[in-house]
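Report on the structure given below.
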Amino acid sequence: VKTEMKKIAVLGCPFDSTSSYRSGSRFAPAVIRNTLREVEDYSPHLDGDLRDIDYCDEGDVVFVNNDKEQALDLIKKTVRGILSENKMPLVLGGEHLITLPVVQAVREKYKDIKVLYLDAHCDLRDEYLGVKLSHATVARRLLDFISPGSLFQFGIRSGEREEFRFARKHGILYDFSRKKLDGVLKKIGKPPLHISIDLDILNPAIFPGTGVPDPGGISFDEFIEFIKGLKKAGIVAMDIVELSPPCDHTESSSFLAATVMREMLILAGRRKK
Ligand SMILES: [Mn+2]
């Protein structure tokens, strides 16, 4: 399957039922969309304009009850539908667990999918609080169907000793730098790429509005420099997760999230004809 530029379909997944500390990311899709209207269309960082980008909004997945597995299944089916229309999903979480059904659907279409996983947290536990399907286990669940050589984690600074041991053993962890990213892309060539952005990768001083803020982390400028390295990568799907509007008292986190969304649309979207 070729990875030519496609029309992007935005999909909201207002799901946060496994959040262990501060929930609220289910409110993020609506808030990010609203805030995007207040953000400039033009990105001086990428010298691109949202008004030139071919994208549409598919609304939110509607969850009928609190059944987690049913919710994940619904996300998978919806993303599958977007892919079958030859569009590129940009999925707004929600908590990080939503990445699991998204990548499951993406892998049905792109067997050799690689996952770029930007996060403060390893998410590599096999179980969290006795639960296999959790925001804290999602990277490990990805490894149930993709190989460790297909998962690239950047920005990680928090996890159990066992998670770090596991990650180092399998060579999953990379320092957050453009140089490391360039090295990875040089090594893997141009396979289909899924980019998962847990916004808590950013320093909590500039992004406090999230469930589990972790000290350290990257600046917005470092984030921009990093994604510029992805301009020619074969991006086929993306997700942006873990903004929690109830934790965002100044709205600055919402503006950051909407700006990240704008940048990803401009970076990965095709130009309107
Ligand atoms: Mn995280």
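The way I read the labels, and the way they are meant: chains A, B, ... in the order of the structure tokens, residue 1 as the first residue of every chain, and ligand 1 as the first ligand shown, with later ones counted on from there.
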Please provide as a compact mmCIF listing (two decimals) with N, CA, C and O atoms, in the first residue's frame all residues within 12 Å of A:Asn65, with the sequence filter that same-chain residues fewer than 6 positions apart are discarded (counting only C-alpha atoms).
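And here's selection_26.txt as it stands now:
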# COMPACT_ATOMS: atom_id res chain seq x y z
N PHE A 15 -13.11 9.40 25.55
CA PHE A 15 -13.05 8.21 26.40
C PHE A 15 -11.93 8.39 27.43
O PHE A 15 -10.79 8.66 27.05
N SER A 17 -12.17 6.37 30.72
CA SER A 17 -12.64 5.61 31.88
C SER A 17 -11.56 4.81 32.60
O SER A 17 -11.81 4.32 33.69
N ALA A 71 -16.41 0.02 23.77
CA ALA A 71 -15.96 1.35 23.34
C ALA A 71 -14.74 1.23 22.44
O ALA A 71 -14.66 1.87 21.37
N LEU A 72 -13.79 0.40 22.83
CA LEU A 72 -12.57 0.23 22.03
C LEU A 72 -12.91 -0.37 20.67
O LEU A 72 -12.34 0.01 19.64
N LEU A 74 -15.70 -0.03 19.08
CA LEU A 74 -16.37 1.01 18.29
C LEU A 74 -15.34 1.96 17.66
O LEU A 74 -15.47 2.37 16.49
Checklist line | Contact residues around A:Leu243 with only C-alpha atoms at 7 Å, ignoring same-chain residues under 6 positions, as an MDAnalysis selection string | finding: chainID A and resid 25 28 199 209:210
Take the residues just selected and output them with N, CA and C atoms as a PDB file, in the first residue's frame.
ATOM      1  N   SER A  25     -10.155  13.793  30.280  1.00  0.00           N
ATOM      2  CA  SER A  25      -9.722  13.898  28.877  1.00  0.00           C
ATOM      3  C   SER A  25     -10.865  13.623  27.916  1.00  0.00           C
ATOM      4  N   ALA A  28     -11.795  16.601  25.950  1.00  0.00           N
ATOM      5  CA  ALA A  28     -10.764  17.233  25.111  1.00  0.00           C
ATOM      6  C   ALA A  28     -11.156  17.422  23.641  1.00  0.00           C
ATOM      7  N   LEU A 199       0.286  14.327  24.931  1.00  0.00           N
ATOM      8  CA  LEU A 199       0.727  15.707  25.150  1.00  0.00           C
ATOM      9  C   LEU A 199       1.492  15.888  26.456  1.00  0.00           C
ATOM     10  N   GLY A 209      -2.314  20.909  31.917  1.00  0.00           N
ATOM     11  CA  GLY A 209      -3.688  20.404  31.831  1.00  0.00           C
ATOM     12  C   GLY A 209      -3.760  18.958  31.401  1.00  0.00           C
ATOM     13  N   THR A 210      -3.244  18.081  32.235  1.00  0.00           N
ATOM     14  CA  THR A 210      -3.253  16.670  31.896  1.00  0.00           C
ATOM     15  C   THR A 210      -3.372  15.835  33.167  1.00  0.00           C
TER      16      THR A 210
END
Find the residues near A:Gly183: any atom within 12 Å, counting only C-alpha atoms, skip ones fewer than 6 places away on the same chain, and give them as an MDAnalysis selection string.
chainID A and resid 152 174:177 189 229:230
Preceding selection exported with all heavy atoms as a tab-separated table (two decimals), in the first residue's frame:
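To be explicit, this is the file written out as again00.tsv:
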chain	number	residue	atom	x	y	z
A	152	PHE	N	8.81	2.95	18.60
A	152	PHE	CA	9.87	3.91	18.91
A	152	PHE	C	9.33	4.92	19.91
A	152	PHE	O	8.48	5.73	19.58
A	152	PHE	CB	10.33	4.61	17.63
A	152	PHE	CG	10.77	3.63	16.56
A	152	PHE	CD1	9.84	3.11	15.66
A	152	PHE	CD2	12.09	3.22	16.47
A	152	PHE	CE1	10.24	2.20	14.69
A	152	PHE	CE2	12.50	2.32	15.51
A	152	PHE	CZ	11.57	1.79	14.61
A	174	TYR	N	14.24	6.01	23.02
A	174	TYR	CA	15.16	6.93	22.33
A	174	TYR	C	15.15	8.26	23.05
A	174	TYR	O	14.10	8.71	23.51
A	174	TYR	CB	14.73	7.12	20.87
A	174	TYR	CG	14.83	5.85	20.07
A	174	TYR	CD1	13.81	4.91	20.10
A	174	TYR	CD2	15.96	5.57	19.31
A	174	TYR	CE1	13.91	3.71	19.39
A	174	TYR	CE2	16.07	4.39	18.59
A	174	TYR	CZ	15.04	3.46	18.64
A	174	TYR	OH	15.17	2.30	17.94
A	175	ASP	N	16.31	8.90	23.12
A	175	ASP	CA	16.34	10.25	23.66
A	175	ASP	C	15.53	11.16	22.75
A	175	ASP	O	15.50	10.96	21.54
A	175	ASP	CB	17.78	10.79	23.69
A	175	ASP	CG	18.62	10.03	24.71
A	175	ASP	OD1	18.04	9.47	25.66
A	175	ASP	OD2	19.85	10.00	24.53
A	176	PHE	N	14.89	12.15	23.36
A	176	PHE	CA	14.10	13.06	22.54
A	176	PHE	C	15.01	14.07	21.85
A	176	PHE	O	15.42	15.06	22.45
A	176	PHE	CB	13.04	13.80	23.37
A	176	PHE	CG	12.07	14.53	22.51
A	176	PHE	CD1	10.91	13.91	22.08
A	176	PHE	CD2	12.34	15.82	22.07
A	176	PHE	CE1	10.03	14.57	21.24
A	176	PHE	CE2	11.46	16.48	21.22
A	176	PHE	CZ	10.30	15.85	20.82
A	177	SER	N	15.33	13.84	20.62
A	177	SER	CA	16.09	14.83	19.85
A	177	SER	C	15.85	14.59	18.37
A	177	SER	O	15.55	13.47	17.94
A	177	SER	CB	17.58	14.75	20.16
A	177	SER	OG	18.16	13.64	19.50
A	189	GLY	N	13.87	3.59	6.83
A	189	GLY	CA	13.43	3.96	5.48
A	189	GLY	C	12.10	4.71	5.53
A	189	GLY	O	11.92	5.57	6.37
A	229	GLY	N	11.28	17.03	11.35
A	229	GLY	CA	11.99	15.86	10.85
A	229	GLY	C	11.07	14.83	10.21
A	229	GLY	O	11.53	13.86	9.61
A	230	LEU	N	9.75	15.02	10.37
A	230	LEU	CA	8.78	14.04	9.86
A	230	LEU	C	8.15	14.45	8.53
A	230	LEU	O	7.27	13.77	8.02
A	230	LEU	CB	7.67	13.83	10.90
A	230	LEU	CG	8.13	13.20	12.22
A	230	LEU	CD1	7.05	13.34	13.29
A	230	LEU	CD2	8.48	11.73	12.01
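What separates atom CA of A:Leu133 from atom CA of A:Asp200 is a distance of 19.7 Å.
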- Between atom CA of A:Ile227 and atom CA of A:Arg270, measure the distance and give it in Å to one decimal.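 Between these atoms lies a distance of 16.3 Å.
Closest to A:Asp239 among A:Gly155, A:Pro89, A:Gly171, A:Gly217 is A:Pro89, based on only C-alpha atoms.
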For this session: Can you check which residues of stretch 145-207 of chain A DSSP gives as helix (DSSP H, G or I) on the backbone and send them as a PyMOL selection string?
Result: chain A and resi 148-150+161-169+178-188+199-201
- Test item: residues lying within 8 Å of ligand 1 with only C-alpha atoms and all ligand atoms, as an NGL selection string: :A and (96 or 119-123 or 135-136 or 198-201 or 212 or 242)
Written selection (N, CA, C and O atoms) as a PDB file, in the first residue's frame:
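As a result, out-v7.pdb now contains:
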ATOM      1  N   HIS A  96      -4.910   7.706  26.682  1.00  0.00           N
ATOM      2  CA  HIS A  96      -3.998   7.079  25.735  1.00  0.00           C
ATOM      3  C   HIS A  96      -4.440   5.688  25.286  1.00  0.00           C
ATOM      4  O   HIS A  96      -4.018   5.208  24.236  1.00  0.00           O
ATOM      5  N   ASP A 119       5.668  10.405  24.559  1.00  0.00           N
ATOM      6  CA  ASP A 119       4.993  10.299  25.854  1.00  0.00           C
ATOM      7  C   ASP A 119       5.993  10.556  26.977  1.00  0.00           C
ATOM      8  O   ASP A 119       7.192  10.330  26.810  1.00  0.00           O
ATOM      9  N   ALA A 120       5.494  10.999  28.136  1.00  0.00           N
ATOM     10  CA  ALA A 120       6.337  11.043  29.334  1.00  0.00           C
ATOM     11  C   ALA A 120       6.448   9.663  29.964  1.00  0.00           C
ATOM     12  O   ALA A 120       7.406   9.371  30.682  1.00  0.00           O
ATOM     13  N   HIS A 121       5.436   8.813  29.704  1.00  0.00           N
ATOM     14  CA  HIS A 121       5.309   7.544  30.436  1.00  0.00           C
ATOM     15  C   HIS A 121       5.544   6.346  29.521  1.00  0.00           C
ATOM     16  O   HIS A 121       5.130   6.357  28.358  1.00  0.00           O
ATOM     17  N   CYS A 122       6.172   5.315  30.094  1.00  0.00           N
ATOM     18  CA  CYS A 122       6.458   4.098  29.324  1.00  0.00           C
ATOM     19  C   CYS A 122       5.186   3.423  28.810  1.00  0.00           C
ATOM     20  O   CYS A 122       5.151   2.926  27.692  1.00  0.00           O
ATOM     21  N   ASP A 123       4.167   3.350  29.658  1.00  0.00           N
ATOM     22  CA  ASP A 123       2.930   2.616  29.322  1.00  0.00           C
ATOM     23  C   ASP A 123       3.223   1.164  28.934  1.00  0.00           C
ATOM     24  O   ASP A 123       2.529   0.585  28.101  1.00  0.00           O
ATOM     25  N   HIS A 135      -4.688   2.906  30.265  1.00  0.00           N
ATOM     26  CA  HIS A 135      -3.787   3.930  29.717  1.00  0.00           C
ATOM     27  C   HIS A 135      -2.330   3.622  30.075  1.00  0.00           C
ATOM     28  O   HIS A 135      -1.416   4.066  29.392  1.00  0.00           O
ATOM     29  N   ALA A 136      -2.104   2.866  31.166  1.00  0.00           N
ATOM     30  CA  ALA A 136      -0.739   2.566  31.622  1.00  0.00           C
ATOM     31  C   ALA A 136      -0.161   1.305  30.992  1.00  0.00           C
ATOM     32  O   ALA A 136       0.992   0.953  31.251  1.00  0.00           O
ATOM     33  N   ASP A 198       1.160  11.722  23.067  1.00  0.00           N
ATOM     34  CA  ASP A 198       0.635  11.997  24.400  1.00  0.00           C
ATOM     35  C   ASP A 198       1.187  13.358  24.788  1.00  0.00           C
ATOM     36  O   ASP A 198       2.404  13.532  24.944  1.00  0.00           O
ATOM     37  N   LEU A 199       0.286  14.327  24.931  1.00  0.00           N
ATOM     38  CA  LEU A 199       0.727  15.707  25.150  1.00  0.00           C
ATOM     39  C   LEU A 199       1.492  15.888  26.456  1.00  0.00           C
ATOM     40  O   LEU A 199       2.182  16.887  26.636  1.00  0.00           O
ATOM     41  N   ASP A 200       1.405  14.898  27.361  1.00  0.00           N
ATOM     42  CA  ASP A 200       2.161  15.039  28.607  1.00  0.00           C
ATOM     43  C   ASP A 200       3.663  14.874  28.400  1.00  0.00           C
ATOM     44  O   ASP A 200       4.452  14.994  29.331  1.00  0.00           O
ATOM     45  N   ILE A 201       4.078  14.623  27.171  1.00  0.00           N
ATOM     46  CA  ILE A 201       5.506  14.661  26.837  1.00  0.00           C
ATOM     47  C   ILE A 201       6.060  16.066  27.053  1.00  0.00           C
ATOM     48  O   ILE A 201       7.240  16.248  27.335  1.00  0.00           O
ATOM     49  N   VAL A 212      -1.747  13.155  34.487  1.00  0.00           N
ATOM     50  CA  VAL A 212      -0.567  12.812  35.290  1.00  0.00           C
ATOM     51  C   VAL A 212       0.629  13.635  34.797  1.00  0.00           C
ATOM     52  O   VAL A 212       1.444  13.165  34.008  1.00  0.00           O
ATOM     53  N   GLU A 242      -4.662  12.910  25.855  1.00  0.00           N
ATOM     54  CA  GLU A 242      -4.384  13.236  27.260  1.00  0.00           C
ATOM     55  C   GLU A 242      -4.447  14.708  27.641  1.00  0.00           C
ATOM     56  O   GLU A 242      -3.996  15.084  28.718  1.00  0.00           O
TER      57      GLU A 242
END
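Close contacts of A:Asp221, defined as residues with an atom at most 12 Å away when counting only C-alpha atoms, with chain neighbours fewer than 5 positions off set aside, comprise A:His45, A:Leu46, A:Ser177, A:Arg178, A:Leu202, A:Asn203, A:Ile206, A:Phe226, A:Ile227, A:Lys228, A:Leu256, A:Val260.
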